[in-house]
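Visitor: Before I ask anything, here is the structure I am working with.
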Amino acid sequence: MENQIKKIGILTGGGDCPGLNSVLYGIMLKAYEAGIECIGILKGWKGFVENLTIPLNIADHDDLHTVGGTILFTSRTNPFKGESSEEEQAKELTKKFGDLGIDVLIAIGGDDTLGVADRMYKLGNAKVVGCPKTIDNDLAGTHYTFGFWSAVQLASNAMDNLTTTARSHQRVFIVEIMGRDAGFLTMYSGISAGADIILIPETPFDLEKDVIEVLKNRVNAGYKYHIVAISEGAYPNFESLKNDFKTISKETINKLPKDVFGNPLLVKLNIPNRAWLEASLATFKMAFLAL
């Protein structure tokens, strides 16, 4: 039976990460073997809507795996923003396949990017393939997501480099590592770099027991510096939250401006100098002064 797919469009959306260009080349390689043409759609969903494309000739990209980021560029653009229903918008977006001259679209991205692809498939019957992009390694059915090991190496190297400064100044260094709901990246890089405390979202921590007491014990043992690796999504347990932290109400969060995908813009809280980290450092300093 003759292959009905003649041309594939590929786009990348959301944040960049190591491995994106390798994924692009892998798609191009398999498409070439199947006699299918590929075109690149620039700047994510923005380029899809505005017909921004480039040819993807496999011979021109033999060393693409050595280039970081994504040659297709990226953006945080939500094409579902009109006043008509999502079903009507999905059908209109599906018509863009004809404008772009593609039979199938491969969207490479995270929750927001693939959320658009999912709605196009379910509501517009579009031929879309989603390729999940997450250095957090939080994808069921896989051992490791692409970009994870490169991200572990980078975070580990950063902590290794900070160790010399921490030792010289005899300080506590808190290193925040990506991972909103999954701690794989923080755990692997923290272990690799020999971090003294590792905090991850999967295990709510107690500030007194898991941080302060550990640091006191290290000081009493003669250690002069300390590295704390903390996932961006790590959070205290209920008792610690009540006793050790100031909280922001859900109502305050809900009133924040939203990004194009409806997520609250936490930066609009205007917390100076990452108050959580500053408060934590102040707590650590008081603990040492009490020794």
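To be explicit about the labels: the chains of the structure tokens are called A, B, and onward in the order shown, and within each one the residues are counted from 1, while ligands get numbers from 1 in the order they are shown.
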Could you produce a table of the residues of region 144-253 of chain A lying within 12 Å of region 23-44 of chain A, with the nearest pair of atoms per residue and their separation in Å rounded to one decimal, using only C-alpha atoms, ordered by chain and increasing residue number, as a tab-separated table?
Guide:
residue	atom	partner	partner_atom	distance
A:Thr145	CA	A:Val23	CA	11.2
A:Phe146	CA	A:Val23	CA	8.2
A:Gly147	CA	A:Val23	CA	10.0
Visitor: Any idea what's packed within 6 Å of region 237-241 of chain A, counting only C-alpha atoms, ignoring anything in its chain fewer than 5 positions away? Could you give it as number ranges by chain?
Guide: A: 204-206
Visitor: Could the residues in this selection be written to a file with N, CA and C atoms, as a short mmCIF file (atom, residue, chain, number, x, y, z; two decimals), in the first residue's frame?
Guide:
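The resulting file, again-v8.cif, is reproduced below:
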data_model
loop_
_atom_site.label_atom_id
_atom_site.label_comp_id
_atom_site.auth_asym_id
_atom_site.auth_seq_id
_atom_site.Cartn_x
_atom_site.Cartn_y
_atom_site.Cartn_z
N PRO A 204 8.06 15.76 51.26
CA PRO A 204 8.01 17.04 51.98
C PRO A 204 9.00 17.04 53.14
N PHE A 205 9.71 18.15 53.31
CA PHE A 205 10.76 18.21 54.31
C PHE A 205 10.30 18.97 55.56
N ASP A 206 11.02 18.73 56.64
CA ASP A 206 10.85 19.48 57.87
C ASP A 206 12.07 20.38 58.01
#
Visitor: Tell me, as a ChimeraX atom specification, which residues lie within 12 Å of Asp111 (chain A), counting only C-alpha atoms; anything in the same chain fewer than 4 positions away does not count.
Guide: /A:13-15,76,78,107,115-119,130-134,138-139,261,263
Visitor: Could those residues be written to a file, using N, CA and C atoms, as a PDB file, in the first residue's frame?
Guide:
ATOM      1  N   GLY A  13       8.290  23.729  20.987  1.00  0.00           N
ATOM      2  CA  GLY A  13       7.675  24.796  21.773  1.00  0.00           C
ATOM      3  C   GLY A  13       8.120  24.756  23.214  1.00  0.00           C
ATOM      4  N   GLY A  14       7.878  25.856  23.931  1.00  0.00           N
ATOM      5  CA  GLY A  14       8.252  25.939  25.338  1.00  0.00           C
ATOM      6  C   GLY A  14       9.737  26.163  25.514  1.00  0.00           C
ATOM      7  N   GLY A  15      10.263  25.759  26.661  1.00  0.00           N
ATOM      8  CA  GLY A  15      11.684  25.961  26.941  1.00  0.00           C
ATOM      9  C   GLY A  15      12.573  25.051  26.116  1.00  0.00           C
ATOM     10  N   ARG A  76       6.496  30.695  23.536  1.00  0.00           N
ATOM     11  CA  ARG A  76       5.328  30.297  24.327  1.00  0.00           C
ATOM     12  C   ARG A  76       4.119  31.004  23.719  1.00  0.00           C
ATOM     13  N   ASN A  78       0.057  30.457  22.542  1.00  0.00           N
ATOM     14  CA  ASN A  78      -1.151  29.641  22.636  1.00  0.00           C
ATOM     15  C   ASN A  78      -2.116  30.039  21.526  1.00  0.00           C
ATOM     16  N   ALA A 107       4.748  17.659  17.095  1.00  0.00           N
ATOM     17  CA  ALA A 107       4.964  18.755  18.038  1.00  0.00           C
ATOM     18  C   ALA A 107       5.838  18.249  19.175  1.00  0.00           C
ATOM     19  N   GLY A 115      -0.520  20.232  24.982  1.00  0.00           N
ATOM     20  CA  GLY A 115      -1.936  20.448  25.264  1.00  0.00           C
ATOM     21  C   GLY A 115      -2.660  20.997  24.039  1.00  0.00           C
ATOM     22  N   VAL A 116      -1.980  21.879  23.304  1.00  0.00           N
ATOM     23  CA  VAL A 116      -2.534  22.409  22.059  1.00  0.00           C
ATOM     24  C   VAL A 116      -2.678  21.281  21.037  1.00  0.00           C
ATOM     25  N   ALA A 117      -1.627  20.465  20.900  1.00  0.00           N
ATOM     26  CA  ALA A 117      -1.667  19.351  19.948  1.00  0.00           C
ATOM     27  C   ALA A 117      -2.789  18.376  20.293  1.00  0.00           C
ATOM     28  N   ASP A 118      -2.988  18.124  21.587  1.00  0.00           N
ATOM     29  CA  ASP A 118      -4.027  17.197  22.030  1.00  0.00           C
ATOM     30  C   ASP A 118      -5.412  17.701  21.657  1.00  0.00           C
ATOM     31  N   ARG A 119      -5.647  18.997  21.859  1.00  0.00           N
ATOM     32  CA  ARG A 119      -6.956  19.555  21.512  1.00  0.00           C
ATOM     33  C   ARG A 119      -7.181  19.559  20.000  1.00  0.00           C
ATOM     34  N   GLY A 130       2.660  13.795  19.285  1.00  0.00           N
ATOM     35  CA  GLY A 130       3.273  14.571  20.354  1.00  0.00           C
ATOM     36  C   GLY A 130       4.531  13.892  20.853  1.00  0.00           C
ATOM     37  N   CYS A 131       5.600  14.654  20.969  1.00  0.00           N
ATOM     38  CA  CYS A 131       6.864  14.149  21.504  1.00  0.00           C
ATOM     39  C   CYS A 131       7.153  14.881  22.811  1.00  0.00           C
ATOM     40  N   PRO A 132       6.975  14.229  23.967  1.00  0.00           N
ATOM     41  CA  PRO A 132       7.131  14.915  25.259  1.00  0.00           C
ATOM     42  C   PRO A 132       8.566  15.375  25.497  1.00  0.00           C
ATOM     43  N   LYS A 133       8.703  16.599  25.939  1.00  0.00           N
ATOM     44  CA  LYS A 133      10.013  17.204  26.203  1.00  0.00           C
ATOM     45  C   LYS A 133      10.073  17.583  27.677  1.00  0.00           C
ATOM     46  N   THR A 134      10.900  16.892  28.431  1.00  0.00           N
ATOM     47  CA  THR A 134      11.053  17.241  29.840  1.00  0.00           C
ATOM     48  C   THR A 134      12.390  16.751  30.362  1.00  0.00           C
ATOM     49  N   ASP A 138      10.141  13.042  34.188  1.00  0.00           N
ATOM     50  CA  ASP A 138       8.856  12.625  34.769  1.00  0.00           C
ATOM     51  C   ASP A 138       7.890  12.141  33.691  1.00  0.00           C
ATOM     52  N   LEU A 139       8.295  11.097  32.982  1.00  0.00           N
ATOM     53  CA  LEU A 139       7.468  10.573  31.899  1.00  0.00           C
ATOM     54  C   LEU A 139       7.333   9.071  32.067  1.00  0.00           C
ATOM     55  N   PHE A 261      -1.032  30.483  28.578  1.00  0.00           N
ATOM     56  CA  PHE A 261      -1.659  29.193  28.796  1.00  0.00           C
ATOM     57  C   PHE A 261      -2.470  29.150  30.096  1.00  0.00           C
ATOM     58  N   ASN A 263      -1.423  29.949  33.201  1.00  0.00           N
ATOM     59  CA  ASN A 263      -0.670  29.710  34.431  1.00  0.00           C
ATOM     60  C   ASN A 263      -0.402  31.032  35.141  1.00  0.00           C
TER      61      ASN A 263
END
Visitor: Check the smallest atom-to-atom distance from each of A:Asp244, A:Glu92, A:Glu232, A:Asp112 to Asp181 (chain A) using only C-alpha atoms, then report the winner.
Guide: A:Glu232
Visitor: Hey, what does DSSP flag as helix (DSSP H, G or I) within region 72-173 of chain A? Can you give it to me as a PyMOL selection string?
Guide: chain A and resi 86-100+111-124+148-169
Visitor: Let's have the selection written as a compact mmCIF listing (two decimals), in the first residue's frame, with N, CA and C atoms.
Guide:
# COMPACT_ATOMS: atom_id res chain seq x y z
N GLU A 86 -13.51 26.20 21.46
CA GLU A 86 -12.26 25.48 21.23
C GLU A 86 -12.39 24.53 20.05
N GLU A 87 -13.55 23.93 19.88
CA GLU A 87 -13.75 23.01 18.75
C GLU A 87 -13.62 23.75 17.42
N GLU A 88 -14.22 24.94 17.34
CA GLU A 88 -14.12 25.74 16.11
C GLU A 88 -12.68 26.15 15.86
N GLN A 89 -11.99 26.56 16.92
CA GLN A 89 -10.59 26.96 16.78
C GLN A 89 -9.72 25.78 16.36
N ALA A 90 -10.00 24.60 16.93
CA ALA A 90 -9.22 23.41 16.58
C ALA A 90 -9.39 23.06 15.11
N LYS A 91 -10.61 23.19 14.60
CA LYS A 91 -10.85 22.89 13.19
C LYS A 91 -10.18 23.91 12.28
N GLU A 92 -10.16 25.17 12.71
CA GLU A 92 -9.46 26.20 11.93
C GLU A 92 -7.96 25.95 11.92
N LEU A 93 -7.42 25.56 13.06
CA LEU A 93 -5.99 25.27 13.13
C LEU A 93 -5.64 24.05 12.27
N THR A 94 -6.53 23.07 12.24
CA THR A 94 -6.28 21.88 11.42
C THR A 94 -6.21 22.24 9.94
N LYS A 95 -6.96 23.24 9.54
CA LYS A 95 -6.91 23.69 8.13
C LYS A 95 -5.54 24.23 7.76
N LYS A 96 -4.75 24.63 8.77
CA LYS A 96 -3.41 25.15 8.50
C LYS A 96 -2.51 24.09 7.89
N PHE A 97 -2.85 22.82 8.04
CA PHE A 97 -2.07 21.76 7.42
C PHE A 97 -1.99 21.98 5.91
N GLY A 98 -3.12 22.39 5.34
CA GLY A 98 -3.16 22.64 3.91
C GLY A 98 -2.29 23.83 3.52
N ASP A 99 -2.34 24.90 4.32
CA ASP A 99 -1.53 26.09 4.05
C ASP A 99 -0.04 25.76 4.12
N LEU A 100 0.33 24.90 5.06
CA LEU A 100 1.72 24.54 5.25
C LEU A 100 2.17 23.42 4.30
N ASP A 111 3.90 20.34 28.64
CA ASP A 111 2.46 20.28 28.87
C ASP A 111 1.68 21.26 28.01
N ASP A 112 2.14 22.51 27.96
CA ASP A 112 1.38 23.53 27.22
C ASP A 112 1.41 23.28 25.71
N THR A 113 2.60 23.01 25.18
CA THR A 113 2.74 22.77 23.74
C THR A 113 1.92 21.55 23.32
N LEU A 114 2.03 20.47 24.08
CA LEU A 114 1.32 19.24 23.71
C LEU A 114 -0.16 19.32 24.07
N GLY A 115 -0.52 20.23 24.98
CA GLY A 115 -1.94 20.45 25.26
C GLY A 115 -2.66 21.00 24.04
N VAL A 116 -1.98 21.88 23.30
CA VAL A 116 -2.53 22.41 22.06
C VAL A 116 -2.68 21.28 21.04
N ALA A 117 -1.63 20.47 20.90
CA ALA A 117 -1.67 19.35 19.95
C ALA A 117 -2.79 18.38 20.29
N ASP A 118 -2.99 18.12 21.59
CA ASP A 118 -4.03 17.20 22.03
C ASP A 118 -5.41 17.70 21.66
N ARG A 119 -5.65 19.00 21.86
CA ARG A 119 -6.96 19.55 21.51
C ARG A 119 -7.18 19.56 20.00
N MET A 120 -6.12 19.80 19.24
CA MET A 120 -6.25 19.75 17.78
C MET A 120 -6.64 18.35 17.31
N TYR A 121 -6.05 17.34 17.96
CA TYR A 121 -6.37 15.95 17.61
C TYR A 121 -7.80 15.58 18.01
N LYS A 122 -8.17 15.90 19.26
CA LYS A 122 -9.46 15.49 19.78
C LYS A 122 -10.62 16.29 19.20
N LEU A 123 -10.41 17.60 18.99
CA LEU A 123 -11.51 18.46 18.55
C LEU A 123 -11.47 18.75 17.06
N GLY A 124 -10.28 18.65 16.44
CA GLY A 124 -10.18 18.98 15.02
C GLY A 124 -9.80 17.81 14.14
N PHE A 148 17.80 14.64 29.85
CA PHE A 148 17.93 14.48 31.30
C PHE A 148 19.39 14.37 31.72
N TRP A 149 20.14 13.51 31.08
CA TRP A 149 21.52 13.28 31.51
C TRP A 149 22.40 14.51 31.27
N SER A 150 22.16 15.22 30.17
CA SER A 150 22.91 16.45 29.94
C SER A 150 22.61 17.49 31.01
N ALA A 151 21.33 17.56 31.42
CA ALA A 151 20.94 18.50 32.47
C ALA A 151 21.55 18.10 33.81
N VAL A 152 21.60 16.79 34.10
CA VAL A 152 22.23 16.31 35.33
C VAL A 152 23.71 16.72 35.34
N GLN A 153 24.36 16.53 34.21
CA GLN A 153 25.79 16.87 34.12
C GLN A 153 26.02 18.36 34.37
N LEU A 154 25.17 19.19 33.76
CA LEU A 154 25.32 20.63 33.91
C LEU A 154 25.09 21.07 35.36
N ALA A 155 24.02 20.56 35.97
CA ALA A 155 23.72 20.93 37.36
C ALA A 155 24.81 20.42 38.29
N SER A 156 25.30 19.23 38.02
CA SER A 156 26.37 18.66 38.84
C SER A 156 27.65 19.49 38.73
N ASN A 157 27.99 19.87 37.50
CA ASN A 157 29.18 20.70 37.30
C ASN A 157 29.05 22.05 38.00
N ALA A 158 27.84 22.63 37.95
CA ALA A 158 27.62 23.92 38.61
C ALA A 158 27.85 23.81 40.11
N MET A 159 27.36 22.73 40.72
CA MET A 159 27.57 22.55 42.16
C MET A 159 29.03 22.28 42.48
N ASP A 160 29.70 21.52 41.60
CA ASP A 160 31.14 21.28 41.80
C ASP A 160 31.90 22.61 41.80
N ASN A 161 31.54 23.49 40.87
CA ASN A 161 32.23 24.78 40.77
C ASN A 161 31.93 25.67 41.97
N LEU A 162 30.71 25.59 42.50
CA LEU A 162 30.35 26.40 43.66
C LEU A 162 31.04 25.93 44.93
N THR A 163 31.45 24.67 44.96
CA THR A 163 32.06 24.11 46.16
C THR A 163 33.32 24.88 46.56
N THR A 164 34.14 25.29 45.59
CA THR A 164 35.38 26.00 45.93
C THR A 164 35.08 27.33 46.60
N THR A 165 34.04 28.03 46.13
CA THR A 165 33.66 29.30 46.76
C THR A 165 33.06 29.07 48.13
N ALA A 166 32.21 28.05 48.24
CA ALA A 166 31.62 27.73 49.54
C ALA A 166 32.70 27.40 50.56
N ARG A 167 33.71 26.65 50.13
CA ARG A 167 34.81 26.30 51.03
C ARG A 167 35.61 27.54 51.42
N SER A 168 35.91 28.39 50.44
CA SER A 168 36.72 29.58 50.70
C SER A 168 36.06 30.53 51.67
N HIS A 169 34.75 30.67 51.55
CA HIS A 169 34.02 31.63 52.38
C HIS A 169 33.32 30.97 53.56
Visitor: I need the residues of region 91-169 of chain A that end up classed as strand (DSSP E or B) by DSSP on the backbone, written out as a PyMOL selection string.
Guide: chain A and resi 104-109+128-132
Visitor: Only C-alpha atoms, please: the residues just picked out, written as a JSON list (two decimals), in the first residue's frame.
Guide:
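Wrote result-v1.json, looks like this:
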[["chain", "number", "residue", "atom", "x", "y", "z"],
["A", 104, "VAL", "CA", 1.24, 15.20, 9.64],
["A", 105, "LEU", "CA", 2.54, 17.46, 12.40],
["A", 106, "ILE", "CA", 5.06, 16.41, 15.05],
["A", 107, "ALA", "CA", 4.96, 18.75, 18.04],
["A", 108, "ILE", "CA", 7.89, 18.55, 20.47],
["A", 109, "GLY", "CA", 7.22, 20.23, 23.80],
["A", 128, "VAL", "CA", -0.64, 15.12, 15.21],
["A", 129, "VAL", "CA", 2.15, 13.26, 16.96],
["A", 130, "GLY", "CA", 3.27, 14.57, 20.35],
["A", 131, "CYS", "CA", 6.86, 14.15, 21.50],
["A", 132, "PRO", "CA", 7.13, 14.91, 25.26]]
Visitor: Suppose you want the space between CA of Glu176 (chain A) and CA of Ile191 (chain A); what is it in Å?
Guide: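 Between these atoms lies a distance of 14.3 Å.
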Visitor: Pick out the residues sitting within 12 Å of Gly262 (chain A), and hand them over as a list in words; count only C-alpha atoms, and ignore anything fewer than 3 positions along from it in its own chain.
Guide: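 The neighbour list is Arg76, Thr77, Asn78, Phe80, Lys81, Asp112, Asn254, Lys255, Leu256, Pro257, Lys258, Asp259, Leu265 and Leu266 of chain A.
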Visitor: With only C-alpha atoms as the basis for distance, which of A:Leu56, A:Leu207, A:Ile71, A:Ile200 is at the shortest distance from Met187 (chain A)?
Guide: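 Under the stated criterion, the closest residue is A:Ile200.
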